[in-house]
$ cat target.txt   # compact mmCIF, N, CA and C atoms
# COMPACT_ATOMS: atom_id res chain seq x y z
N LEU A 40 -10.58 0.84 -2.64
CA LEU A 40 -10.17 -0.51 -2.28
C LEU A 40 -10.38 -0.65 -0.79
N TYR A 41 -11.14 -1.61 -0.38
CA TYR A 41 -11.54 -1.65 1.02
C TYR A 41 -11.01 -2.81 1.83
N TYR A 42 -10.58 -3.91 1.20
CA TYR A 42 -10.09 -5.02 1.99
C TYR A 42 -9.23 -5.96 1.16
N PHE A 43 -8.25 -6.49 1.82
CA PHE A 43 -7.40 -7.53 1.23
C PHE A 43 -7.04 -8.45 2.37
N TYR A 44 -7.23 -9.75 2.19
CA TYR A 44 -6.91 -10.69 3.26
C TYR A 44 -5.44 -10.58 3.62
N PRO A 45 -5.11 -10.19 4.84
CA PRO A 45 -3.74 -9.82 5.19
C PRO A 45 -2.72 -10.95 5.22
N HIS A 46 -3.15 -12.17 5.22
CA HIS A 46 -2.18 -13.25 5.36
C HIS A 46 -2.02 -14.08 4.10
N GLN A 47 -2.50 -13.57 2.97
CA GLN A 47 -2.23 -14.24 1.71
C GLN A 47 -0.75 -14.12 1.41
N GLU A 48 -0.16 -15.20 0.99
CA GLU A 48 1.29 -15.22 0.76
C GLU A 48 1.65 -14.78 -0.65
N ILE A 49 1.45 -13.49 -0.91
CA ILE A 49 1.86 -12.91 -2.19
C ILE A 49 2.97 -11.89 -1.91
N GLU A 50 3.85 -11.70 -2.88
CA GLU A 50 4.96 -10.77 -2.68
C GLU A 50 4.71 -9.41 -3.30
N GLU A 51 3.78 -9.32 -4.26
CA GLU A 51 3.49 -8.03 -4.88
C GLU A 51 2.00 -7.75 -4.83
N PHE A 52 1.66 -6.54 -4.41
CA PHE A 52 0.27 -6.12 -4.29
C PHE A 52 0.07 -4.91 -5.20
N VAL A 53 -0.87 -5.03 -6.14
CA VAL A 53 -1.12 -3.96 -7.11
C VAL A 53 -2.50 -3.36 -6.84
N ILE A 54 -2.53 -2.07 -6.64
CA ILE A 54 -3.79 -1.35 -6.50
C ILE A 54 -4.12 -0.82 -7.89
N PRO A 55 -5.23 -1.26 -8.48
CA PRO A 55 -5.52 -0.91 -9.87
C PRO A 55 -5.81 0.57 -10.09
N ASP A 56 -5.70 0.99 -11.34
CA ASP A 56 -5.95 2.39 -11.71
C ASP A 56 -7.39 2.82 -11.43
N SER A 57 -8.31 1.89 -11.31
CA SER A 57 -9.71 2.21 -11.05
C SER A 57 -9.97 2.65 -9.61
N VAL A 58 -9.02 2.46 -8.73
CA VAL A 58 -9.17 2.80 -7.31
C VAL A 58 -8.75 4.25 -7.07
N ILE A 59 -9.56 4.98 -6.27
CA ILE A 59 -9.21 6.37 -5.94
C ILE A 59 -8.90 6.55 -4.46
N PHE A 60 -9.29 5.58 -3.62
CA PHE A 60 -9.14 5.71 -2.17
C PHE A 60 -8.69 4.38 -1.58
N VAL A 61 -7.58 4.39 -0.85
CA VAL A 61 -7.08 3.18 -0.20
C VAL A 61 -7.49 3.25 1.27
N MET A 62 -8.29 2.30 1.70
CA MET A 62 -8.89 2.31 3.03
C MET A 62 -7.89 2.03 4.15
N LYS A 63 -8.28 2.40 5.33
CA LYS A 63 -7.50 2.18 6.55
C LYS A 63 -7.21 0.70 6.74
N ASN A 64 -5.98 0.38 7.07
CA ASN A 64 -5.54 -0.97 7.44
C ASN A 64 -5.72 -2.03 6.35
N ILE A 65 -5.69 -1.64 5.10
CA ILE A 65 -5.89 -2.59 3.99
C ILE A 65 -4.92 -3.77 4.04
N LEU A 66 -3.67 -3.51 4.39
CA LEU A 66 -2.67 -4.59 4.49
C LEU A 66 -2.07 -4.65 5.89
N TYR A 67 -2.82 -4.28 6.88
CA TYR A 67 -2.35 -4.23 8.26
C TYR A 67 -1.63 -5.52 8.67
N ASN A 68 -0.39 -5.36 9.10
CA ASN A 68 0.44 -6.47 9.59
C ASN A 68 0.65 -7.60 8.60
N ASN A 69 0.59 -7.30 7.31
CA ASN A 69 0.90 -8.33 6.31
C ASN A 69 2.39 -8.65 6.39
N LYS A 70 2.72 -9.91 6.38
CA LYS A 70 4.11 -10.35 6.56
C LYS A 70 4.77 -10.81 5.26
N PHE A 71 4.06 -10.74 4.13
CA PHE A 71 4.57 -11.32 2.89
C PHE A 71 4.83 -10.34 1.76
N VAL A 72 4.04 -9.28 1.66
CA VAL A 72 4.14 -8.35 0.54
C VAL A 72 5.46 -7.59 0.59
N LYS A 73 6.23 -7.66 -0.50
CA LYS A 73 7.51 -6.97 -0.61
C LYS A 73 7.42 -5.69 -1.45
N LYS A 74 6.45 -5.67 -2.36
CA LYS A 74 6.32 -4.52 -3.26
C LYS A 74 4.84 -4.16 -3.42
N ILE A 75 4.56 -2.87 -3.37
CA ILE A 75 3.21 -2.36 -3.60
C ILE A 75 3.28 -1.37 -4.76
N THR A 76 2.38 -1.54 -5.73
CA THR A 76 2.24 -0.58 -6.82
C THR A 76 0.87 0.08 -6.66
N ILE A 77 0.88 1.39 -6.60
CA ILE A 77 -0.35 2.16 -6.38
C ILE A 77 -0.77 2.79 -7.70
N GLY A 78 -2.02 2.54 -8.08
CA GLY A 78 -2.56 2.94 -9.37
C GLY A 78 -2.58 4.44 -9.64
N ALA A 79 -2.77 4.76 -10.89
CA ALA A 79 -2.65 6.12 -11.42
C ALA A 79 -3.72 7.10 -10.93
N ASN A 80 -4.82 6.62 -10.37
CA ASN A 80 -5.90 7.52 -9.99
C ASN A 80 -6.12 7.64 -8.49
N VAL A 81 -5.24 7.07 -7.69
CA VAL A 81 -5.39 7.14 -6.23
C VAL A 81 -5.20 8.57 -5.77
N LEU A 82 -6.18 9.05 -5.00
CA LEU A 82 -6.15 10.41 -4.44
C LEU A 82 -5.66 10.41 -3.00
N GLU A 83 -5.98 9.32 -2.26
CA GLU A 83 -5.67 9.30 -0.83
C GLU A 83 -5.34 7.90 -0.36
N ILE A 84 -4.36 7.84 0.54
CA ILE A 84 -4.01 6.60 1.24
C ILE A 84 -4.32 6.84 2.71
N SER A 85 -5.20 6.05 3.27
CA SER A 85 -5.69 6.26 4.63
C SER A 85 -4.68 5.87 5.70
N SER A 86 -4.97 6.30 6.90
CA SER A 86 -4.15 6.02 8.06
C SER A 86 -3.97 4.51 8.26
N GLY A 87 -2.73 4.10 8.48
CA GLY A 87 -2.44 2.70 8.76
C GLY A 87 -2.65 1.74 7.61
N ALA A 88 -2.84 2.26 6.40
CA ALA A 88 -3.14 1.39 5.25
C ALA A 88 -2.16 0.23 5.11
N PHE A 89 -0.89 0.51 5.32
CA PHE A 89 0.14 -0.52 5.15
C PHE A 89 0.93 -0.71 6.45
N TYR A 90 0.31 -0.38 7.54
CA TYR A 90 0.91 -0.47 8.87
C TYR A 90 1.45 -1.88 9.13
N GLY A 91 2.70 -1.96 9.55
CA GLY A 91 3.27 -3.23 9.98
C GLY A 91 3.56 -4.23 8.88
N CYS A 92 3.70 -3.76 7.65
CA CYS A 92 4.05 -4.68 6.55
C CYS A 92 5.54 -5.00 6.67
N ALA A 93 5.83 -6.06 7.38
CA ALA A 93 7.20 -6.38 7.80
C ALA A 93 8.15 -6.65 6.63
N ALA A 94 7.66 -7.19 5.53
CA ALA A 94 8.53 -7.54 4.40
C ALA A 94 8.60 -6.43 3.34
N LEU A 95 7.76 -5.41 3.46
CA LEU A 95 7.66 -4.38 2.43
C LEU A 95 8.98 -3.65 2.22
N GLU A 96 9.45 -3.64 0.97
CA GLU A 96 10.71 -2.99 0.62
C GLU A 96 10.53 -1.81 -0.33
N THR A 97 9.56 -1.91 -1.25
CA THR A 97 9.41 -0.91 -2.30
C THR A 97 7.94 -0.54 -2.51
N VAL A 98 7.71 0.75 -2.70
CA VAL A 98 6.39 1.26 -3.07
C VAL A 98 6.56 2.10 -4.32
N GLU A 99 5.75 1.80 -5.34
CA GLU A 99 5.74 2.59 -6.58
C GLU A 99 4.38 3.23 -6.72
N MET A 100 4.36 4.56 -6.75
CA MET A 100 3.11 5.31 -6.88
C MET A 100 3.03 5.89 -8.28
N LYS A 101 2.14 5.33 -9.09
CA LYS A 101 1.94 5.84 -10.44
C LYS A 101 1.09 7.11 -10.45
N SER A 102 0.35 7.31 -9.38
CA SER A 102 -0.58 8.43 -9.32
C SER A 102 0.12 9.77 -9.28
N THR A 103 -0.33 10.66 -10.16
CA THR A 103 0.10 12.06 -10.10
C THR A 103 -1.02 12.90 -9.48
N LYS A 104 -2.08 12.23 -9.04
CA LYS A 104 -3.24 12.88 -8.45
C LYS A 104 -3.26 12.78 -6.92
N LEU A 105 -2.31 12.06 -6.37
CA LEU A 105 -2.27 11.81 -4.93
C LEU A 105 -2.19 13.13 -4.17
N VAL A 106 -3.15 13.34 -3.24
CA VAL A 106 -3.17 14.58 -2.47
C VAL A 106 -2.91 14.35 -0.99
N ARG A 107 -3.03 13.09 -0.55
CA ARG A 107 -2.86 12.86 0.89
C ARG A 107 -2.38 11.45 1.17
N ILE A 108 -1.33 11.37 1.97
CA ILE A 108 -0.90 10.12 2.59
C ILE A 108 -1.08 10.35 4.08
N ALA A 109 -2.03 9.66 4.67
CA ALA A 109 -2.38 9.90 6.06
C ALA A 109 -1.29 9.43 7.03
N GLU A 110 -1.39 9.94 8.22
CA GLU A 110 -0.47 9.58 9.30
C GLU A 110 -0.42 8.06 9.48
N ASN A 111 0.75 7.55 9.68
CA ASN A 111 0.99 6.13 9.95
C ASN A 111 0.64 5.19 8.80
N ALA A 112 0.49 5.72 7.60
CA ALA A 112 0.15 4.87 6.45
C ALA A 112 1.21 3.78 6.23
N PHE A 113 2.47 4.12 6.50
CA PHE A 113 3.56 3.16 6.31
C PHE A 113 4.32 2.93 7.62
N PHE A 114 3.66 3.13 8.74
CA PHE A 114 4.31 2.97 10.05
C PHE A 114 4.74 1.53 10.28
N ASN A 115 5.90 1.36 10.87
CA ASN A 115 6.43 0.06 11.24
C ASN A 115 6.68 -0.86 10.04
N CYS A 116 7.12 -0.27 8.96
CA CYS A 116 7.54 -1.02 7.76
C CYS A 116 9.07 -0.93 7.72
N ALA A 117 9.71 -1.69 8.58
CA ALA A 117 11.15 -1.55 8.85
C ALA A 117 12.03 -1.78 7.63
N LYS A 118 11.60 -2.58 6.67
CA LYS A 118 12.43 -2.88 5.50
C LYS A 118 12.18 -1.93 4.33
N LEU A 119 11.21 -1.03 4.48
CA LEU A 119 10.88 -0.11 3.39
C LEU A 119 12.06 0.81 3.12
N SER A 120 12.60 0.72 1.92
CA SER A 120 13.79 1.51 1.58
C SER A 120 13.59 2.38 0.34
N SER A 121 12.47 2.20 -0.38
CA SER A 121 12.29 2.94 -1.62
C SER A 121 10.82 3.26 -1.87
N ILE A 122 10.54 4.55 -2.07
CA ILE A 122 9.22 4.99 -2.49
C ILE A 122 9.43 5.85 -3.73
N VAL A 123 8.87 5.40 -4.85
CA VAL A 123 8.98 6.12 -6.11
C VAL A 123 7.63 6.76 -6.39
N ILE A 124 7.61 8.08 -6.55
CA ILE A 124 6.36 8.81 -6.76
C ILE A 124 6.34 9.40 -8.17
N GLY A 125 5.22 9.20 -8.87
CA GLY A 125 5.06 9.74 -10.20
C GLY A 125 4.81 8.65 -11.23
N ILE A 126 4.73 9.04 -12.46
CA ILE A 126 4.45 8.11 -13.54
C ILE A 126 5.66 7.22 -13.76
N LEU A 127 5.40 5.93 -13.80
CA LEU A 127 6.48 4.96 -14.03
C LEU A 127 6.43 4.46 -15.45
N THR A 128 7.57 4.25 -16.03
CA THR A 128 7.62 3.72 -17.40
C THR A 128 8.13 2.31 -17.40

$ encode --input "target.txt" --output "structure tokens"
Amino acid sequence: LYYFYPHQEIEEFVIPDSVIFVMKNILYNNKFVKKITIGANVLEISSGAFYGCAALETVEMKSTKLVRIAENAFFNCAKLSSIVIGILT
């Protein structure tokens, strides 16, 4: 997944199961997304991928294949209070 327009006013962002790599700064400084769901096949989340997501509260990672969350991937996400890792039902 390489780009998402950062100022779209959506509250939930879903990275599909077909994605294996989340690019740098994909949601950089997004002010609207409150929840991110990361697909089952993601191997890596790049540096700064969700940097500055001011409204972000919850991240759900369905991937059991995740091997790397890069430095600053969730930096400056002040409202982030929950990260659930593993298969979700």

$ closest_residue --input "target.txt" --among "A:Lys74, A:Glu48, A:Asn80, A:Ser86" --to "A:Ser102" --atoms "only C-alpha atoms"
A:Asn80

$ residues_near_point --input "target.txt" --point "(-10.0, 4.8, -1.6)" --cutoff "8 Å" --atoms "all atoms listed in the file" --output "PyMOL selection string"
chain A and resi 40-41+58-63+81-85

$ closest_atom_pairs --input "target.txt" --of "stretch 62-107 of chain A" --to "stretch 117-122 of chain A" --cutoff "9 Å" --atoms "only C-alpha atoms" --output "Markdown table"
| residue | atom | partner | partner_atom | distance |
| --- | --- | --- | --- | --- |
| A:Lys73 | CA | A:Leu119 | CA | 8.6 |
| A:Gly91 | CA | A:Ala117 | CA | 8.1 |
| A:Cys92 | CA | A:Ala117 | CA | 8.1 |
| A:Ala93 | CA | A:Ala117 | CA | 6.3 |
| A:Ala94 | CA | A:Lys118 | CA | 6.2 |
| A:Leu95 | CA | A:Leu119 | CA | 5.4 |
| A:Glu96 | CA | A:Leu119 | CA | 4.0 |
| A:Thr97 | CA | A:Ser121 | CA | 4.9 |
| A:Val98 | CA | A:Ile122 | CA | 4.7 |
| A:Glu99 | CA | A:Ile122 | CA | 5.9 |
| A:Met100 | CA | A:Ile122 | CA | 7.5 |

$ atom_distance --input "target.txt" --atom1 "atom CA of A:Asn64" --atom2 "atom C of A:Gly78"
18.2 Å

$ select_by_dssp --input "target.txt" --residues "chain A" --states "strand (DSSP E or B)" --output "PyMOL selection string"
chain A and resi 51-54+60-61+74-77+83-84+97-100+107-108+121-124

$ residues_around --input "target.txt" --residues "A:Gly87" --least-positions-apart "3" --cutoff "6.5 Å" --atoms "all atoms listed in the file" --output "list in words"
Met62, Lys63, Asn64, Ile65, Leu66, Tyr67, Tyr90, Ala109, Glu110, Asn111, Ala112, Phe113 and Phe114 of chain A

$ atom_distance --input "target.txt" --atom1 "atom CA of A:Cys116" --atom2 "atom CA of A:Ala79"
22.9 Å

$ atom_distance --input "target.txt" --atom1 "atom N of A:Lys104" --atom2 "atom C of A:Phe89"
20.4 Å

$ axis_aligned_box --input "target.txt" --around "stretch 69-87 of chain A" --padding-each-side "8 Å" --output "lines of an AutoDock Vina configuration file"
center_x = 0.7
center_y = -0.5
center_z = -1.3
size_x = 29.7
size_y = 37.7
size_z = 36.2

$ decode --input "target.txt" --residues "stretch 112-128 of chain A" --atoms "all heavy atoms" --output "CSV table (one decimal), in the first residue's frame"
chain,number,residue,atom,x,y,z
A,112,ALA,N,6.7,4.6,13.5
A,112,ALA,CA,5.6,4.2,12.8
A,112,ALA,C,4.3,4.8,13.4
A,112,ALA,O,3.4,5.2,12.6
A,112,ALA,CB,5.4,2.7,12.7
A,113,PHE,N,4.2,5.0,14.7
A,113,PHE,CA,3.1,5.5,15.4
A,113,PHE,C,3.5,6.7,16.2
A,113,PHE,O,2.8,7.1,17.2
A,113,PHE,CB,2.4,4.4,16.3
A,113,PHE,CG,1.8,3.3,15.5
A,113,PHE,CD1,2.5,2.1,15.3
A,113,PHE,CD2,0.6,3.4,14.9
A,113,PHE,CE1,2.0,1.1,14.6
A,113,PHE,CE2,0.0,2.4,14.2
A,113,PHE,CZ,0.7,1.2,14.0
A,114,PHE,N,4.5,7.4,15.8
A,114,PHE,CA,5.0,8.6,16.6
A,114,PHE,C,4.0,9.7,16.6
A,114,PHE,O,3.3,10.0,15.5
A,114,PHE,CB,6.3,9.1,16.0
A,114,PHE,CG,6.9,10.2,16.8
A,114,PHE,CD1,7.6,9.9,18.0
A,114,PHE,CD2,6.9,11.5,16.4
A,114,PHE,CE1,8.1,10.9,18.8
A,114,PHE,CE2,7.4,12.5,17.2
A,114,PHE,CZ,8.1,12.2,18.3
A,115,ASN,N,3.8,10.4,17.7
A,115,ASN,CA,2.9,11.5,17.8
A,115,ASN,C,1.5,11.2,17.6
A,115,ASN,O,0.7,12.0,17.0
A,115,ASN,CB,3.4,12.7,16.9
A,115,ASN,CG,3.0,14.0,17.4
A,115,ASN,OD1,2.7,14.2,18.6
A,115,ASN,ND2,3.0,15.0,16.6
A,116,CYS,N,1.1,10.0,18.0
A,116,CYS,CA,-0.4,9.6,17.9
A,116,CYS,C,-0.9,9.7,19.4
A,116,CYS,O,-1.0,8.7,20.1
A,116,CYS,CB,-0.5,8.2,17.4
A,116,CYS,SG,0.0,8.1,15.7
A,117,ALA,N,-1.1,10.9,19.9
A,117,ALA,CA,-1.3,11.1,21.3
A,117,ALA,C,-2.6,10.4,21.8
A,117,ALA,O,-2.6,10.1,23.0
A,117,ALA,CB,-1.5,12.6,21.5
A,118,LYS,N,-3.6,10.2,21.0
A,118,LYS,CA,-4.8,9.5,21.5
A,118,LYS,C,-4.8,8.0,21.4
A,118,LYS,O,-5.7,7.3,21.9
A,118,LYS,CB,-6.0,10.1,20.8
A,118,LYS,CG,-6.3,11.5,21.1
A,118,LYS,CD,-7.6,11.9,20.4
A,118,LYS,CE,-7.9,13.4,20.8
A,118,LYS,NZ,-9.2,13.8,20.2
A,119,LEU,N,-3.7,7.5,20.8
A,119,LEU,CA,-3.6,6.0,20.6
A,119,LEU,C,-3.5,5.3,22.0
A,119,LEU,O,-2.6,5.5,22.8
A,119,LEU,CB,-2.4,5.6,19.8
A,119,LEU,CG,-2.2,4.2,19.5
A,119,LEU,CD1,-3.4,3.6,18.7
A,119,LEU,CD2,-0.9,4.0,18.7
A,120,SER,N,-4.6,4.5,22.3
A,120,SER,CA,-4.6,3.9,23.6
A,120,SER,C,-4.7,2.3,23.5
A,120,SER,O,-4.6,1.6,24.5
A,120,SER,CB,-5.8,4.4,24.4
A,120,SER,OG,-7.0,4.1,23.7
A,121,SER,N,-4.9,1.8,22.3
A,121,SER,CA,-5.1,0.4,22.2
A,121,SER,C,-4.5,-0.2,20.9
A,121,SER,O,-4.8,0.3,19.8
A,121,SER,CB,-6.6,0.0,22.2
A,121,SER,OG,-6.8,-1.4,22.0
A,122,ILE,N,-3.6,-1.2,21.0
A,122,ILE,CA,-3.1,-1.9,19.8
A,122,ILE,C,-3.3,-3.4,20.1
A,122,ILE,O,-2.8,-3.9,21.1
A,122,ILE,CB,-1.6,-1.6,19.6
A,122,ILE,CG1,-1.4,-0.2,19.3
A,122,ILE,CG2,-1.1,-2.5,18.4
A,122,ILE,CD1,0.1,0.2,19.0
A,123,VAL,N,-4.2,-4.0,19.3
A,123,VAL,CA,-4.5,-5.4,19.4
A,123,VAL,C,-3.7,-6.2,18.3
A,123,VAL,O,-3.9,-5.8,17.1
A,123,VAL,CB,-6.0,-5.7,19.3
A,123,VAL,CG1,-6.3,-7.1,19.4
A,123,VAL,CG2,-6.8,-4.9,20.3
A,124,ILE,N,-2.9,-7.1,18.7
A,124,ILE,CA,-2.1,-7.9,17.7
A,124,ILE,C,-2.5,-9.3,17.7
A,124,ILE,O,-2.7,-9.9,18.7
A,124,ILE,CB,-0.6,-7.8,18.1
A,124,ILE,CG1,-0.1,-6.3,18.1
A,124,ILE,CG2,0.3,-8.6,17.1
A,124,ILE,CD1,1.3,-6.1,18.7
A,125,GLY,N,-2.7,-9.8,16.5
A,125,GLY,CA,-3.1,-11.2,16.3
A,125,GLY,C,-4.4,-11.3,15.5
A,125,GLY,O,-5.0,-10.3,15.1
A,126,ILE,N,-4.9,-12.5,15.4
A,126,ILE,CA,-6.1,-12.8,14.6
A,126,ILE,C,-7.3,-12.3,15.4
A,126,ILE,O,-7.4,-12.6,16.6
A,126,ILE,CB,-6.2,-14.3,14.3
A,126,ILE,CG1,-5.1,-14.7,13.5
A,126,ILE,CG2,-7.6,-14.6,13.6
A,126,ILE,CD1,-5.0,-16.2,13.2
A,127,LEU,N,-8.1,-11.5,14.8
A,127,LEU,CA,-9.3,-11.0,15.4
A,127,LEU,C,-10.5,-11.8,15.0
A,127,LEU,O,-10.6,-12.2,13.8
A,127,LEU,CB,-9.5,-9.5,15.0
A,127,LEU,CG,-8.3,-8.6,15.4
A,127,LEU,CD1,-8.6,-7.2,14.8
A,127,LEU,CD2,-8.2,-8.5,16.9
A,128,THR,N,-11.4,-12.0,15.9
A,128,THR,CA,-12.7,-12.7,15.5
A,128,THR,C,-13.8,-11.7,15.6
A,128,THR,O,-13.8,-10.7,16.1
A,128,THR,CB,-12.9,-13.8,16.5
A,128,THR,OG1,-13.0,-13.3,17.9
A,128,THR,CG2,-11.9,-14.9,16.4
